[in-house]
Every structure is written in structure tokens, then in C-alpha cells.
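Q: I am attaching a structure below and will ask some questions about it afterwards.
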Protein chains: 4
Amino acid sequence: MSYNLLKGKKGIIFGALNEKSIAWQVAERAYEEGAEFILTNAPVAMRYGEINELAKKCNTEVVAADASSLKDIENLFDVAMAKYGKIDFVLHSIGMSLNVRKGLKYDEVNYDYYHKTLDISAISFHRVLQVAKQKNAINDWGSIIALTYVAAQRTLFRYNDMGDAKAMLESIARSFGYIYGRENNIRVNTISQSPTLTTAGSGVKGIENLLDFTDRMSPLGNATALECADYCVTMFSDLTRKVTMQNLFHDGGFSSMGMSEKAMMMYNKSIEASEQE
Amino acid sequence: MSYNLLKGKKGIIFGALNEKSIAWQVAERAYEEGAEFILTNAPVAMRYGEINELAKKCNTEVVAADASSLKDIENLFDVAMAKYGKIDFVLHSIGMSLNVRKGLKYDEVNYDYYHKTLDISAISFHRVLQVAKQKNAINDWGSIIALTYVAAQRTLFRYNDMGDAKAMLESIARSFGYIYGRENNIRVNTISQSPTLTTAGSGVKGIENLLDFTDRMSPLGNATALECADYCVTMFSDLTRKVTMQNLFHDGGFSSMGMSEKAMMMYNKSIEASEQE
Amino acid sequence: MSYNLLKGKKGIIFGALNEKSIAWQVAERAYEEGAEFILTNAPVAMRYGEINELAKKCNTEVVAADASSLKDIENLFDVAMAKYGKIDFVLHSIGMSLNVRKGLKYDEVNYDYYHKTLDISAISFHRVLQVAKQKNAINDWGSIIALTYVAAQRTLFRYNDMGDAKAMLESIARSFGYIYGRENNIRVNTISQSPTLTTAGSGVKGIENLLDFTDRMSPLGNATALECADYCVTMFSDLTRKVTMQNLFHDGGFSSMGMSEKAMMMYNKSIEASEQE
Amino acid sequence: MSYNLLKGKKGIIFGALNEKSIAWQVAERAYEEGAEFILTNAPVAMRYGEINELAKKCNTEVVAADASSLKDIENLFDVAMAKYGKIDFVLHSIGMSLNVRKGLKYDEVNYDYYHKTLDISAISFHRVLQVAKQKNAINDWGSIIALTYVAAQRTLFRYNDMGDAKAMLESIARSFGYIYGRENNIRVNTISQSPTLTTAGSGVKGIENLLDFTDRMSPLGNATALECADYCVTMFSDLTRKVTMQNLFHDGGFSSMGMSEKAMMMYNKSIEASEQE
């Protein structure tokens, strides 16, 4: 089903790896809604090759870019501008922690890895924005979104230095959103999505049980990647022009819940189980 | 321009008085997007008669209802259900303070008026939700919005007991949003709009200067009633189904600003002016 | 142990019922820290009589006052001023919902009860502030605190209309805090305390299990009534003079947690238990 | 005046440069309240020499430490533990942006400087916490504070990458606060202070006019460094043991203000001045 909400709009979508990826779903939905865009991901992510299928489906191409490399980002925008002239939207869906990967806990982080986490997961967003602005690559009233997670506000065990990276990512959206809004009427927001079983998400130990909890806590249940894509479409459209510098929760209500009946009933079972032991 | 985002959807829109009203603009935009709806306002507001023009434009009717009257709200939903069966969306745009009208300051309020402010501006929203739920009047995945203002989070002098009413309104959206989400997958949100020169807004003394300030503070400037209507359309559409219990700022970035260059430059003038005196 | 933090300070403490009450603990600690104060509670609460023991311990008296009655509040301040001249601090610890008591759910509230909830649990705070200001009853740099709960920000099932009342209470603290600060340098704050097994709290069905959850979620565990009293003492002291219009969480960290290891481990047990069924 | 609130407590205070520094005032007040502590600052900051006067006044010593150097932080804690055994409190008051110093705007940052800003202003706090924990240097129920600024939540023009650094600093307080609370009952909080005319603050262009604005916006006026020191004392004391993972505004109410009468009147002058031009 299409509303042609993004008819004529051009963009860049970071972070599609496979069809579980939110960025993948955004690409499919944006395409259905009439947008054209370039897909991009880190060179290492390209090896898996599935992103090329997505490119085919969306009648476009993939440009590899390491989000840590200013040169790669510059090249990416050069390619996009050669193809489209100015663009209208950007999706940033990038995050990675070497501390998590290497199994280092938050109270025993390696500080080089920590800087790397920030560089890839947060500063990369600033890099995208700064390059876009310096190249004057985005049309007035364009829309830029980065995906984030509630760990920016509330600590989740095992989420490690990614919580700090997400807090910083959201701050960058505000800081740059002020400048980009003032000078080019471009809006910058973050969408804080339910935990999602993407390839990245699946790597987090015990995520299924966390998902069970957040699903029972959220009156509408966890939001899926496809639903997130629908939401992104509205934020890229011309109907949300005055929303900027916001962190928008797309989480079935989780962020506004203290305790739901469903989650409490499940928790109560464990109390009973403990008492029987 | 229309995307048919609300094709086939039915609703109720509270609070259109004249074309400055946000509710008026929402009605026009919802109509363009394919929705059908009933208009409603307080009997006293009907006297001005302009709402009938809107009804004509939108090919619908007006049903008078005092938001303080449970009976009136029940009747309103009965009429809507007789016409449409179940409905899909509701806009609540209602607020009034007798303390403000009578010129009583916040530290000398009349407590009967205070209760009246709450009853009209906040509890009316609960009444709408409770009646809708008891009558099973809203389709699954329906969407309900109430309009609010940043005074719910930050005190503005002269806004008086309306700040408390808006804080409560936003709380009702969360509290009822939990139940309505859990049981019917219906989402409930508030949109926190820039100060707007509606008929109600115009009544606030000194509002032009406040608007000058918020406009300079907001990187995208103040949001207009029409832009707010566009945003409401996305929130009523099927593309935002997992957003619930949220307060969504639609304010050109104001809520995330500490100080902008433009506002500071204007303020600096006043400091210079003071020093010259 | 005493630091004489409140030496020479006079106050009024609302809401002590028995030694489980937070207000009771505040009274004992304030007394130890050198304060003098009047105790007050609703006439109906006086019947239980324990508050007189507290008065004896603290070498003071009890003045009955219905928080819904402007006349009672005025009389209370008259008595306090006759005794002390101006006072320095006030604790508001009052909350009650007839909807909860009568077992009416949040989607079937009685609106008279709802107004009553707001009147007793929130507007009573405005009444105290307005009377105090009109009588010029509080010294410059005085400190006023109301106790609240995280339900003002996040919905907890069964907490019902008390969530809305607490949201409003916190808004009143901001709205009146602005005026009282501007005109008399008096600060107004709310303290958002862990769920506590007071007589009021004990009435909430299933509260033990909720307490188990919040205790495991909070890195420091649930805060006790005595710990809350310690915190109140600092907020009444001269060391916190520039803190105003704030909602201060005193909850062992709960409000900033998304998920703790301890709570997740407990929850996991219930998942295992479910799978065995 | 002293309450002996910190009698017997040992600590480390980062960031005192001269008597305008908040850390300087904290040192003086902590000393008055009975604490013993080591002072520390970057080697380059030591050259000015005034910190030695402070050390003399407080009967202690200065240990130079570059907050970017793990080795320096480790040495610092070794010295402290050799002197005191375990300690009870830490104040982190460190911030610096090379982008600001070099006059690079936020949309033209140098990314090496950006990492440097984060390393000095935010990650240094993690380094302190991680070293302290690994050395088991802090007593149970110890208290750790970092100073921050409202720019973490709301963008201020010219504050540049320091806004992102402060957002991250506050996130670190939550992330590490969870772990340190869970394992050692140690609390970690940030205090968000009014803009203050410290040596660092004075460097910000146009800060006097910003201070004029925030002073008129805040019902209690801007908070001074000395008042901030008083507040820190309460947070280091045993009376605030269950407050953790919080960002505590100490700003005369600024953070909860939308618009004050005083600031609006000043702003109105500038509008009049503009109209006369």
C-alpha cells in the first residue's frame, strides 16, 4: 500500500544489512512511497551481499562507506549529489561497541574501544551532518533521522557503553538540529525504537527475555522494524516539517510505563516459583 | 494536495471555532485526506456560527456538546456511531480558565474556577475516552490526540492554572493510553504545539511579544495551525500505530532550546537600551 | 545523630498518621535537627490517636485540618503564626482516591470522586501555598516540599487517578514555585519517593510484589521512610537554597533504570516456570 | 558556619583553579564541614599556583593529574589511599573544548578536537569511576558528583560540542551509578548548575548577557558557586543516601521556566527599541 508520501524525494539510507534491519524496512517502505535513495553500509557489512538484493528491489545502488571515515562520507555525498542533485532525507542506523563484542564490562572498558564506540555510533552522525551541510547537499525542509534506544535515558544492564553513545547521539541531533534548522530549515530528530531482533540486536545475550518483558510492559507490544519504517516515512514526509530536535519514542508505550498488569503477572509467577523452592 | 492518508477513516473533532482554530485546520486537512467526521463544540461556541461553514465545506454536521457534560458526550458518540458505526480518530482541542478570564492571578485563584479549569481543559478528555470505551466506539488501532502546551513542563507567567490543567491532560493521555492500548490497541497522545494566535490564544495579554520570543528561539520558527493539522494527520494515519502515551512537541524546536542566537541578539538590544537610559 | 541542620526553624508537617508514615519520620528527624513545628492531619485521621504520641515526642501539638477546607488551612496557619510568627518549612504528604477505595477502575471512574482525588491530593497543596502567601506566613528562603510518586511520569496499573493527581501536584510545585520564588525567595519542590509500605501504601493490592520488583530494579534498593526524612531535612536546610521547581527522585535509582540484572533474573525465573507448565 | 555534616569523611576534589571555581568553593565548604580531601587539577592548571593557597587553607596537598591519563588517575587514587585508606566522596568539575578555544563552530568541528572534548569533559569521569572501583577505593555509601550544565538537555548557541559532552557525562553517571550502586551502595549524580562566572565560564563570549537572561528567568536568580558548594555538601553527606543516577538542577528554577515576567519585560524593551529604529 502506498500513499506517495515521498514522491520525488531523494535520500541516503545508512545501515541496511539484511531484511531484519530497520534500515532495510525503511528502504522498502520509502521506495513504495515514491522515494529514490542510495544505500550505504560499512565495507565489511557489504561482504554479506544481501544489501545488493535490496538495491535491486529498490532500483538503486550501494555505496560503501565507513562511517568513521570523513573521506568516505564525503565521497558518499558526492555520489549522491552527482546522481540526484540535492537530497531530502537521511536515515542513520549505525551502532557498534567493541567493548560489548569483546565481552568487556562497563566497569572494565578499554578506552580505545570506548572512543571507537562513540566514533562509530554517535560522532558518525555528526560527520554525516557536517559533510552534508558543508556540501550544501540537503534541500530546505529536508529531514534527517537517527535511530536510538531508551538506554539513552535509562540504564539497562549489559547495554554497556552503547547507552552513553545513544545519549550523545540524541544530543548531536539537538545541537546540529538547532544550526541546520536555523540556516536551512532542515529538521533533525531521533526515533527511539523498541528493542528489535535485528542481527545487531540478536547478538545481545538474553535479549529474548528482555523482549518478553518490554512486550508485556508496552500496551501495544513491541514495535516491529516494519512499523518503525512506517513511522520514518511520516517523519521524512512534508507533513512533519516543524518537528525538530526531538527524541520520538516508537515503542508501543514502553517509555511511559511504570508497571503493566501483564508484566507484573509474569513477574509474580517468578515470586511464587521462588517461594516454592 | 492529498495523500489519501485518512481514506475511509471516521472521527470526531472537538474545538473548531473559526479558521484560526487548530481544530478547524485539522478538519480541513483531514477532509482533504479522505476522512469523514463530526464536528463538535460547546453550545456557547456555536452561537458564532462559523463552525457551520466548516461543516458545509467538509460535508458534515455539527453536534453541540458541553465537554463538562457526560450526557452531552454520550449523546455525541451515539450520533457518531449511528452515522459511522465505530470511529477511528478523535481530536480534543479544548481549554478554558475562568481564573484567567476573570483576571485572578495564580496566587489568588478561586477554587471553584480552578476545578472548572480542570474539568473543561483536562477531565473532559477523560470523559471522552471513558465514554468512547464504554460504548466500544473506536476501532482497533484508532488514534486519539489532545492538544497541549509546553506550560505543562515549564512555567510561563500569566498562563496561570492552565499549566496545571495541561500537565494533567498529558497525564490522562498516559493513564488512559495504557488501558486503551492494552485492551483495544488504541493509541492516545498529546501534541504540544507552539503558541498560536487562535481566538483563545489572542486573549492572552502580551502574547505577541511571547510569540516574537518563541519564534526567534525556535530554529524553524513557530509552528502554524496548518502545520499542526498536517502533523495530526500523520498521527491519525496507519503509519504511526505504535506511538502511544507520548507528548509530541510540534514547536519548531523550541522545547529543546536553551538559547538561540536570534533571541539573544534581540535580548541584547534591550540590555543596550537599558544602559542608555 | 543530629547536625542541628534545622536549628531555629519552624514549620508545619501534614500527613503523619502512624510511625510508618513518611511524615511521621520527617517529624522525628526534623525535631532531632532542632526544628519546631505543628503537626496536622485530617480530623478523621486524628481518631486513631497515634499522632498525639508523635506530638508528645516532638514537644508540640496537633491541629486538625481538612486539606479540602480553605477555612481549616487558614486556621492552621493562624495557629502556627500565633505560636511561631513566620515559619520556614512545610511538608505536604497527602493523597487519597475515592475511586481507588471504592474499587472503580480508571476507565470507569466516578467524576465526583475524581474531582475529590484532585482536590485532596493536589489542589490541597495549592491551598496551603496560597493561604501561606496571603498571610505572609513564610520567611524568605523558606522551603516547601510535597511528596509524590513516579506514577506522575509513568503509568502503573491500579494506581488509577492518583497518577493524574501526582502529575498535577508536581505542576503546582512549579507554577507556584515560580511566584513564591520571585516574590519571597521561597523554594517549592516535590520529592518522588520509592513505593513505601505506609498505611496508605499497604492498601494497594499487590504492593508487596511491586515492591519486590522496584527493589530489585533499584541499584540501592527501595528508599525507606526514614531515609526520605533525612533527605527532606537537607531540603529544609539552608544548604539547598537555590533548588526550586524541581521534582527530586529519592528512589535508590529506580527512575533512571531500564532493566537491572537482579530484576531480569527474577523475571527469567517466571519465564522458565511458564515454559514448564 | 558548620554543621559537621562531613565529619570524618575523606575525598578527592577535581578542578579547583582559583576562588571563582565551583570546586574551590566546594573544597572550602567541605573543609568547614569536617572533611579531609586531596585537591587535584591538570598539570597545566597548577602553574597558576593559586590552588596551593587553597591546599594550605584546607590543610592538605595538591596532586597533579591529567584527567585524560589513566596512569595519572591511578596514581592519584594510590596517593589518596595511602593517605586515607578508602575515601567517601569525589567531585568532578572538569570540562574543556578545543573546538571552542580554537573558534571552530559546531558545524565545522575538528574531529580530533571533538574526541578530545569528550575525553577530557566526559570520559575522564568514567576513568575516575573505573579506577576507583578497580582499586576498591571508595567506602560503601560513598557519594560521587560531577558538575554539568543544562546544555545537556537544551541547545545553547556557542556552547558547541560541550553540550554533547555534558549529555554524555550525565549518561555516564547513570550507567556507572547502576553498577556502583548495585555492588557497593555508592551513589553517582550530576549537579546541573546555573551558568557561573568561573575562569572557564568567563571565556565564553557574551556570557554576561546570557547570565542577565538566566538571572531574570530564574525565580531565585542564578545560583552562585558558593551556593553550589553548599548543595554538594548535602549530596556528600549521609542524609542523601538513596539519591542516585540523578541529574539535579541547582539553578534557581531556570530549568523549569518557560518565561518569567522579568525576562519578558526586558525582552519587551528590545522590541520597543527595534520599533523605534
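Identifiers in the C-alpha cells: chain A, B, ... in order shown; residue index from 1 per chain; ligand index from 1 in order shown.
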Restrict the distance test to only C-alpha atoms, flag each residue of chain B within 6 Å of chain C, and return the flagged residues as a VMD selection string.
A: chain B and resid 107 130 155 164 168 171 175
Q: Create the file for the chosen residues now, containing all heavy atoms and written as a PDB file, in the first residue's frame.
A:
ATOM      1  N   ASP B 107      -1.786  33.127  42.361  1.00  0.00           N
ATOM      2  CA  ASP B 107      -1.693  33.043  43.824  1.00  0.00           C
ATOM      3  C   ASP B 107      -2.930  33.630  44.499  1.00  0.00           C
ATOM      4  O   ASP B 107      -2.922  33.887  45.703  1.00  0.00           O
ATOM      5  CB  ASP B 107      -0.401  33.696  44.346  1.00  0.00           C
ATOM      6  CG  ASP B 107      -0.219  35.109  43.859  1.00  0.00           C
ATOM      7  OD1 ASP B 107      -1.002  35.555  42.984  1.00  0.00           O
ATOM      8  OD2 ASP B 107       0.706  35.780  44.335  1.00  0.00           O
ATOM      9  N   GLN B 130     -13.462   7.743  28.309  1.00  0.00           N
ATOM     10  CA  GLN B 130     -14.254   6.764  29.060  1.00  0.00           C
ATOM     11  C   GLN B 130     -15.566   6.444  28.347  1.00  0.00           C
ATOM     12  O   GLN B 130     -15.963   5.268  28.246  1.00  0.00           O
ATOM     13  CB  GLN B 130     -14.507   7.294  30.479  1.00  0.00           C
ATOM     14  CG  GLN B 130     -15.292   6.339  31.358  1.00  0.00           C
ATOM     15  CD  GLN B 130     -15.069   6.602  32.844  1.00  0.00           C
ATOM     16  OE1 GLN B 130     -13.935   6.639  33.313  1.00  0.00           O
ATOM     17  NE2 GLN B 130     -16.147   6.784  33.589  1.00  0.00           N
ATOM     18  N   THR B 155       7.006  26.632  33.498  1.00  0.00           N
ATOM     19  CA  THR B 155       6.080  27.683  33.892  1.00  0.00           C
ATOM     20  C   THR B 155       6.230  28.937  33.031  1.00  0.00           C
ATOM     21  O   THR B 155       7.340  29.415  32.808  1.00  0.00           O
ATOM     22  CB  THR B 155       6.316  28.038  35.369  1.00  0.00           C
ATOM     23  OG1 THR B 155       6.113  26.842  36.131  1.00  0.00           O
ATOM     24  CG2 THR B 155       5.366  29.125  35.840  1.00  0.00           C
ATOM     25  N   ASP B 164      -1.257  23.757  34.983  1.00  0.00           N
ATOM     26  CA  ASP B 164      -1.610  22.560  35.750  1.00  0.00           C
ATOM     27  C   ASP B 164      -2.597  21.694  34.963  1.00  0.00           C
ATOM     28  O   ASP B 164      -2.501  20.464  34.962  1.00  0.00           O
ATOM     29  CB  ASP B 164      -2.224  22.945  37.096  1.00  0.00           C
ATOM     30  CG  ASP B 164      -1.306  23.856  37.905  1.00  0.00           C
ATOM     31  OD1 ASP B 164      -0.073  23.776  37.719  1.00  0.00           O
ATOM     32  OD2 ASP B 164      -1.820  24.661  38.696  1.00  0.00           O
ATOM     33  N   MET B 168      -2.036  17.830  33.653  1.00  0.00           N
ATOM     34  CA  MET B 168      -2.978  16.762  33.948  1.00  0.00           C
ATOM     35  C   MET B 168      -3.492  16.124  32.672  1.00  0.00           C
ATOM     36  O   MET B 168      -3.667  14.900  32.599  1.00  0.00           O
ATOM     37  CB  MET B 168      -4.136  17.333  34.751  1.00  0.00           C
ATOM     38  CG  MET B 168      -4.819  16.253  35.543  1.00  0.00           C
ATOM     39  SD  MET B 168      -6.199  16.964  36.424  1.00  0.00           S
ATOM     40  CE  MET B 168      -7.371  15.661  36.035  1.00  0.00           C
ATOM     41  N   SER B 171      -1.071  13.697  31.534  1.00  0.00           N
ATOM     42  CA  SER B 171      -1.089  12.517  32.394  1.00  0.00           C
ATOM     43  C   SER B 171      -2.258  11.603  32.033  1.00  0.00           C
ATOM     44  O   SER B 171      -2.132  10.376  32.003  1.00  0.00           O
ATOM     45  CB  SER B 171      -1.165  12.938  33.864  1.00  0.00           C
ATOM     46  OG  SER B 171      -1.220  11.800  34.692  1.00  0.00           O
ATOM     47  N   SER B 175      -2.255   7.686  31.250  1.00  0.00           N
ATOM     48  CA  SER B 175      -3.000   6.741  32.084  1.00  0.00           C
ATOM     49  C   SER B 175      -4.039   5.980  31.272  1.00  0.00           C
ATOM     50  O   SER B 175      -4.165   4.753  31.379  1.00  0.00           O
ATOM     51  CB  SER B 175      -3.716   7.482  33.226  1.00  0.00           C
ATOM     52  OG  SER B 175      -2.821   8.244  34.000  1.00  0.00           O
TER      53      SER B 175
END
Q: Might you pull out every residue within 6 Å of Gly34 (chain B), with only C-alpha atoms counted and same-chain residues fewer than 6 positions away left off, and present them as an NGL selection string?
A: :B and (4 or 6-7)
Q: For the residues selected in the previous step, produce a file with N, CA and C atoms as a PDB file, in the first residue's frame.
A:
ATOM      1  N   ASN B   4      -4.450  10.883   0.551  1.00  0.00           N
ATOM      2  CA  ASN B   4      -5.454   9.881   0.962  1.00  0.00           C
ATOM      3  C   ASN B   4      -5.024   9.098   2.203  1.00  0.00           C
ATOM      4  N   LEU B   6      -6.073   9.343   5.138  1.00  0.00           N
ATOM      5  CA  LEU B   6      -7.147   9.010   6.083  1.00  0.00           C
ATOM      6  C   LEU B   6      -8.372   8.459   5.361  1.00  0.00           C
ATOM      7  N   LYS B   7      -8.147   7.944   4.179  1.00  0.00           N
ATOM      8  CA  LYS B   7      -9.256   7.426   3.382  1.00  0.00           C
ATOM      9  C   LYS B   7     -10.042   6.369   4.163  1.00  0.00           C
TER      10      LYS B   7
END
Q: For CA of Arg29 (chain A) and CA of Val188 (chain B), quote the distance in Å rounded to one decimal.
A: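 These two atoms are separated by 24.7 Å.
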Q: What's around Ile207 (chain A) at 10 Å? Count only C-alpha atoms, leave out sequence neighbours fewer than 6 positions away in its own chain, and write the answer as a compact mmCIF listing (two decimals) with C-alpha atoms, in the first residue's frame.
A:
# COMPACT_ATOMS: atom_id res chain seq x y z
CA ARG A 158 24.68 -5.30 29.52
CA PRO A 195 14.29 -3.45 21.22
CA THR A 196 14.28 -5.25 17.88
CA LEU A 197 15.63 -8.62 16.83
CA GLY A 201 20.12 -6.91 18.47
CA PHE A 213 9.41 -8.09 29.37
Q: Near Leu220 (chain D), counting only C-alpha atoms, which residues have an atom at most 10 Å away, once you skip same-chain residues fewer than 3 positions from it, shown as number ranges by chain?
A: C: 141, 177-187, 241-244; D: 215-217, 223, 251-254
Q: Can you measure CA of Val90 (chain D) to CA of Lys71 (chain D) for me? One decimal in Å is fine.
A: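 Interatomic distance here is 17.9 Å.
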Q: Return as a PyMOL selection string the full set of residues in region 65-132 of chain D whose backbone-based DSSP assignment is alpha helix (DSSP H).
A: chain D and resi 70-84+98-101+111-118+124-132
Q: Could you write out the selected residues, including C-alpha atoms, as a tab-separated table (two decimals), in the first residue's frame?
A:
chain	number	residue	atom	x	y	z
D	70	LEU	CA	44.71	6.60	33.18
D	71	LYS	CA	48.13	6.44	34.79
D	72	ASP	CA	47.69	9.84	36.44
D	73	ILE	CA	44.27	8.90	37.78
D	74	GLU	CA	45.65	5.64	39.12
D	75	ASN	CA	48.48	7.45	40.80
D	76	LEU	CA	46.07	9.96	42.29
D	77	PHE	CA	44.00	7.22	43.89
D	78	ASP	CA	47.13	5.48	45.14
D	79	VAL	CA	48.21	8.66	46.89
D	80	ALA	CA	44.73	9.17	48.33
D	81	MET	CA	44.51	5.61	49.60
D	82	ALA	CA	47.98	5.75	51.10
D	83	LYS	CA	46.86	8.82	52.99
D	84	TYR	CA	43.28	7.98	53.92
D	98	LEU	CA	39.45	22.71	21.88
D	99	ASN	CA	36.83	23.44	19.25
D	100	VAL	CA	35.56	26.30	21.39
D	101	ARG	CA	39.06	27.50	22.17
D	111	TYR	CA	37.04	15.58	14.94
D	112	ASP	CA	40.27	15.10	16.84
D	113	TYR	CA	39.35	18.06	18.99
D	114	TYR	CA	35.84	16.64	19.35
D	115	HIS	CA	37.22	13.37	20.72
D	116	LYS	CA	39.46	15.43	22.98
D	117	THR	CA	36.45	17.36	24.30
D	118	LEU	CA	34.72	14.11	25.13
D	124	SER	CA	37.55	11.43	32.38
D	125	PHE	CA	34.62	10.86	34.70
D	126	HIS	CA	34.36	7.24	33.65
D	127	ARG	CA	38.09	6.89	34.13
D	128	VAL	CA	37.81	8.19	37.69
D	129	LEU	CA	34.95	5.82	38.45
D	130	GLN	CA	36.56	2.78	36.86
D	131	VAL	CA	39.89	3.34	38.59
D	132	ALA	CA	38.16	3.95	41.92
Q: With a distance cut-off of 10 Å and only C-alpha atoms, select the neighbouring residues of Ile94 (chain D), excluding the residue or stretch itself and same-chain residues fewer than 3 positions from it, and output the selection as a list in words.
A: Phe14, Gly15, Ala16, Ala23, Asn41, Ala42, Ala67, Leu91, Ile120, Ser121, Ala122, Ser124, Phe125, Ala146, Leu147, Thr148 and Ala200 of chain D
Q: According to DSSP computed on the backbone, where in region 27-138 of chain B is there strand (DSSP E or B)? Give the residues as a PyMOL selection string.
A: chain B and resi 36-41+62-64+87-92+138
